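Input: a single structure, listed below in structure tokens.
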Amino acid sequence: MTELADPSGHEAIEPTLDTIEEDHAIQRALCRDLEALADGLPKLPPLPEVRRLCDCVMRVGGTHLVRAELVLERLPAGRRPSDPELEMLREMHALDATHSDDLVAALWEHVGREPSAHVGQLSYMLRCFFDGCRRAIALKESWIAAARRADISPG
């Protein structure tokens, strides 16, 4: 089986439905943190916290999206989403990855600066990212729940 490399260079375990659900728990926490950041603008957290948030956003925009698609594509017939559904997920993930890149760049641009007229733009970018993340999580978890039900259903 294929193993995905973690951005830190460490090999990751083979992704499963369980690892995707664990990723989702991490993403939910990240979304809460980003929402709190948006609500607290124009003030930004200290540099180490911005760095942590940016690292998490990049992992979601990279590693998780690839892992989730891989796991869902590999589910047996009758348990996996249809090809059009998977294509819709890929498009959602592509948009989320773009938002993650843009958000990280914007956060770094604002670190250490006085609040500016661009605070509204940063707030919008934060909300685009965490709203998109939450929407994708809900969709994937509906598929995961259906796959798990198929495993325990007779026939």
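Residues in the structure tokens are named by chain (A, B, ... in the order shown) and by number from 1 within that chain; ligands are numbered from 1 in the order shown.
With only C-alpha atoms taken into account, the protein and nucleic acid residues at most 12 Å from A:Arg148 (excluding it and anything under 2 positions from it in its own chain) are Thr16, Leu17, Asp18, Leu75, Pro76, Gly78, Arg79, Arg80, Glu141, Ser142, Trp143, Ile144, Ala145, Ala146, Ala150, Asp151, Ile152 and Ser153 of chain A.
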Next on the checklist: Can you pull out every residue from stretch 11-144 of chain A that DSSP, working from the backbone, puts in alpha helix (DSSP H), and format the result as a PyMOL selection string?
Outcome noted: chain A and resi 17-40+47-59+65-74+83-110+119-144
Can you build me a table of stretch 8-91 of chain A residues sitting at most 8 Å from stretch 132-137 of chain A, with the closest atom pair per residue and its distance in Å to one decimal, using only C-alpha atoms, sorted by chain and residue number, as a Markdown table?
```
| residue | atom | partner | partner_atom | distance |
| --- | --- | --- | --- | --- |
| A:His24 | CA | A:Ile137 | CA | 6.4 |
| A:Gln27 | CA | A:Cys133 | CA | 7.5 |
| A:Arg28 | CA | A:Arg134 | CA | 7.3 |
| A:Cys31 | CA | A:Cys133 | CA | 7.5 |
| A:Leu89 | CA | A:Ala136 | CA | 7.4 |
```
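Candidate residues A:Asp96, A:Asp131, A:Glu21, A:Asp101 were compared for distance to A:Asp55, and the nearest is A:Asp101, using only C-alpha atoms.
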Next on the checklist: Need the shell around A:Ala68: protein/DNA/RNA residues with any atom at most 7 Å away, counting only C-alpha atoms. Skip same-chain ones fewer than 4 positions apart. Format as number ranges by chain?
Outcome noted: A: 20, 64, 72
Output N, CA, C and O atoms of each residue in that selection to a file, as a PDB file, in the first residue's frame.
```
ATOM      1  N   ILE A  20      -8.978   9.756   8.745  1.00  0.00           N
ATOM      2  CA  ILE A  20      -9.698  10.907   8.184  1.00  0.00           C
ATOM      3  C   ILE A  20     -10.539  11.551   9.274  1.00  0.00           C
ATOM      4  O   ILE A  20     -10.578  12.780   9.411  1.00  0.00           O
ATOM      5  N   HIS A  64      -4.010  16.524   4.280  1.00  0.00           N
ATOM      6  CA  HIS A  64      -5.342  15.969   4.551  1.00  0.00           C
ATOM      7  C   HIS A  64      -6.156  15.808   3.279  1.00  0.00           C
ATOM      8  O   HIS A  64      -6.825  14.789   3.090  1.00  0.00           O
ATOM      9  N   LEU A  72     -11.304   7.734   0.310  1.00  0.00           N
ATOM     10  CA  LEU A  72     -12.657   7.622  -0.236  1.00  0.00           C
ATOM     11  C   LEU A  72     -12.662   6.931  -1.594  1.00  0.00           C
ATOM     12  O   LEU A  72     -13.564   6.144  -1.888  1.00  0.00           O
TER      13      LEU A  72
END
```
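You can rank A:Arg67, A:His118, A:His99, A:His93 by their closest distance to A:Pro42 using only C-alpha atoms, and at the top of that list sits A:His118.
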Spatial neighbours of A:Glu35, max dist 9 Å, only C-alpha atoms, sep filter under 4 positions, as a PDB file with N, CA and C atoms, in the first residue's frame:
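Generated output (part_10.pdb):
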```pdb
ATOM      1  N   LEU A  30      -8.941  23.676  14.476  1.00  0.00           N
ATOM      2  CA  LEU A  30      -8.334  24.756  13.695  1.00  0.00           C
ATOM      3  C   LEU A  30      -9.395  25.763  13.282  1.00  0.00           C
ATOM      4  N   CYS A  31     -10.540  25.289  12.828  1.00  0.00           N
ATOM      5  CA  CYS A  31     -11.618  26.188  12.413  1.00  0.00           C
ATOM      6  C   CYS A  31     -12.078  27.053  13.590  1.00  0.00           C
ATOM      7  N   ASP A  39     -12.849  36.825  14.772  1.00  0.00           N
ATOM      8  CA  ASP A  39     -13.679  37.612  15.692  1.00  0.00           C
ATOM      9  C   ASP A  39     -12.855  38.630  16.469  1.00  0.00           C
ATOM     10  N   GLY A  40     -11.562  38.362  16.668  1.00  0.00           N
ATOM     11  CA  GLY A  40     -10.692  39.251  17.437  1.00  0.00           C
ATOM     12  C   GLY A  40      -9.957  40.291  16.618  1.00  0.00           C
ATOM     13  N   SER A 123     -10.462  39.057   7.406  1.00  0.00           N
ATOM     14  CA  SER A 123     -11.615  38.417   8.055  1.00  0.00           C
ATOM     15  C   SER A 123     -12.387  37.569   7.043  1.00  0.00           C
ATOM     16  N   LEU A 126     -10.363  34.406   6.246  1.00  0.00           N
ATOM     17  CA  LEU A 126     -10.464  33.434   7.341  1.00  0.00           C
ATOM     18  C   LEU A 126     -11.796  32.701   7.273  1.00  0.00           C
ATOM     19  N   ARG A 127     -12.863  33.450   7.087  1.00  0.00           N
ATOM     20  CA  ARG A 127     -14.195  32.847   7.050  1.00  0.00           C
ATOM     21  C   ARG A 127     -14.377  31.937   5.831  1.00  0.00           C
ATOM     22  N   PHE A 130     -12.480  28.626   6.859  1.00  0.00           N
ATOM     23  CA  PHE A 130     -13.107  27.727   7.830  1.00  0.00           C
ATOM     24  C   PHE A 130     -14.506  27.322   7.430  1.00  0.00           C
TER      25      PHE A 130
END
```
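Nearest residue to A:Thr63, choosing from A:Ala97, A:Met125, A:Leu47, A:Ala147 and counting only C-alpha atoms: A:Ala97.
Distances here use only C-alpha atoms; by that measure, the residue among A:Cys56, A:Ala138, A:Val111, A:Leu70 closest to A:Leu44 is A:Val111.
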Checklist entry - What lies within 8 Å of A:Glu69 using only C-alpha atoms, ignoring chain neighbours under 3 positions off, as a PyMOL selection string? => result chain A and resi 65-66+72-73+86+89-90
For those residues, write N, CA, C and O atoms to a file as a PDB file, in the first residue's frame.
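Contents of the output file again_21.pdb:
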```pdb
ATOM      1  N   LEU A  65      -6.127  16.797   2.413  1.00  0.00           N
ATOM      2  CA  LEU A  65      -6.965  16.726   1.210  1.00  0.00           C
ATOM      3  C   LEU A  65      -6.592  15.520   0.361  1.00  0.00           C
ATOM      4  O   LEU A  65      -7.462  14.797  -0.125  1.00  0.00           O
ATOM      5  N   VAL A  66      -5.305  15.279   0.224  1.00  0.00           N
ATOM      6  CA  VAL A  66      -4.835  14.128  -0.554  1.00  0.00           C
ATOM      7  C   VAL A  66      -5.249  12.828   0.130  1.00  0.00           C
ATOM      8  O   VAL A  66      -5.760  11.903  -0.517  1.00  0.00           O
ATOM      9  N   LEU A  72     -11.304   7.734   0.310  1.00  0.00           N
ATOM     10  CA  LEU A  72     -12.657   7.622  -0.236  1.00  0.00           C
ATOM     11  C   LEU A  72     -12.662   6.931  -1.594  1.00  0.00           C
ATOM     12  O   LEU A  72     -13.564   6.144  -1.888  1.00  0.00           O
ATOM     13  N   GLU A  73     -11.661   7.193  -2.424  1.00  0.00           N
ATOM     14  CA  GLU A  73     -11.568   6.538  -3.734  1.00  0.00           C
ATOM     15  C   GLU A  73     -11.344   5.037  -3.608  1.00  0.00           C
ATOM     16  O   GLU A  73     -11.749   4.268  -4.468  1.00  0.00           O
ATOM     17  N   LEU A  86     -17.121  12.229  -6.067  1.00  0.00           N
ATOM     18  CA  LEU A  86     -15.683  12.372  -5.822  1.00  0.00           C
ATOM     19  C   LEU A  86     -15.111  13.561  -6.587  1.00  0.00           C
ATOM     20  O   LEU A  86     -14.243  14.274  -6.076  1.00  0.00           O
ATOM     21  N   LEU A  89     -15.937  16.601  -4.681  1.00  0.00           N
ATOM     22  CA  LEU A  89     -15.033  16.731  -3.539  1.00  0.00           C
ATOM     23  C   LEU A  89     -13.675  17.270  -3.988  1.00  0.00           C
ATOM     24  O   LEU A  89     -13.100  18.147  -3.335  1.00  0.00           O
ATOM     25  N   ARG A  90     -13.156  16.759  -5.093  1.00  0.00           N
ATOM     26  CA  ARG A  90     -11.866  17.254  -5.605  1.00  0.00           C
ATOM     27  C   ARG A  90     -11.939  18.759  -5.884  1.00  0.00           C
ATOM     28  O   ARG A  90     -10.998  19.501  -5.604  1.00  0.00           O
TER      29      ARG A  90
END
```
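Counting only C-alpha atoms and comparing A:Met88, A:Val71, A:Ile13, A:Ala106, the residue that lies closest to A:Cys54 is A:Ala106.
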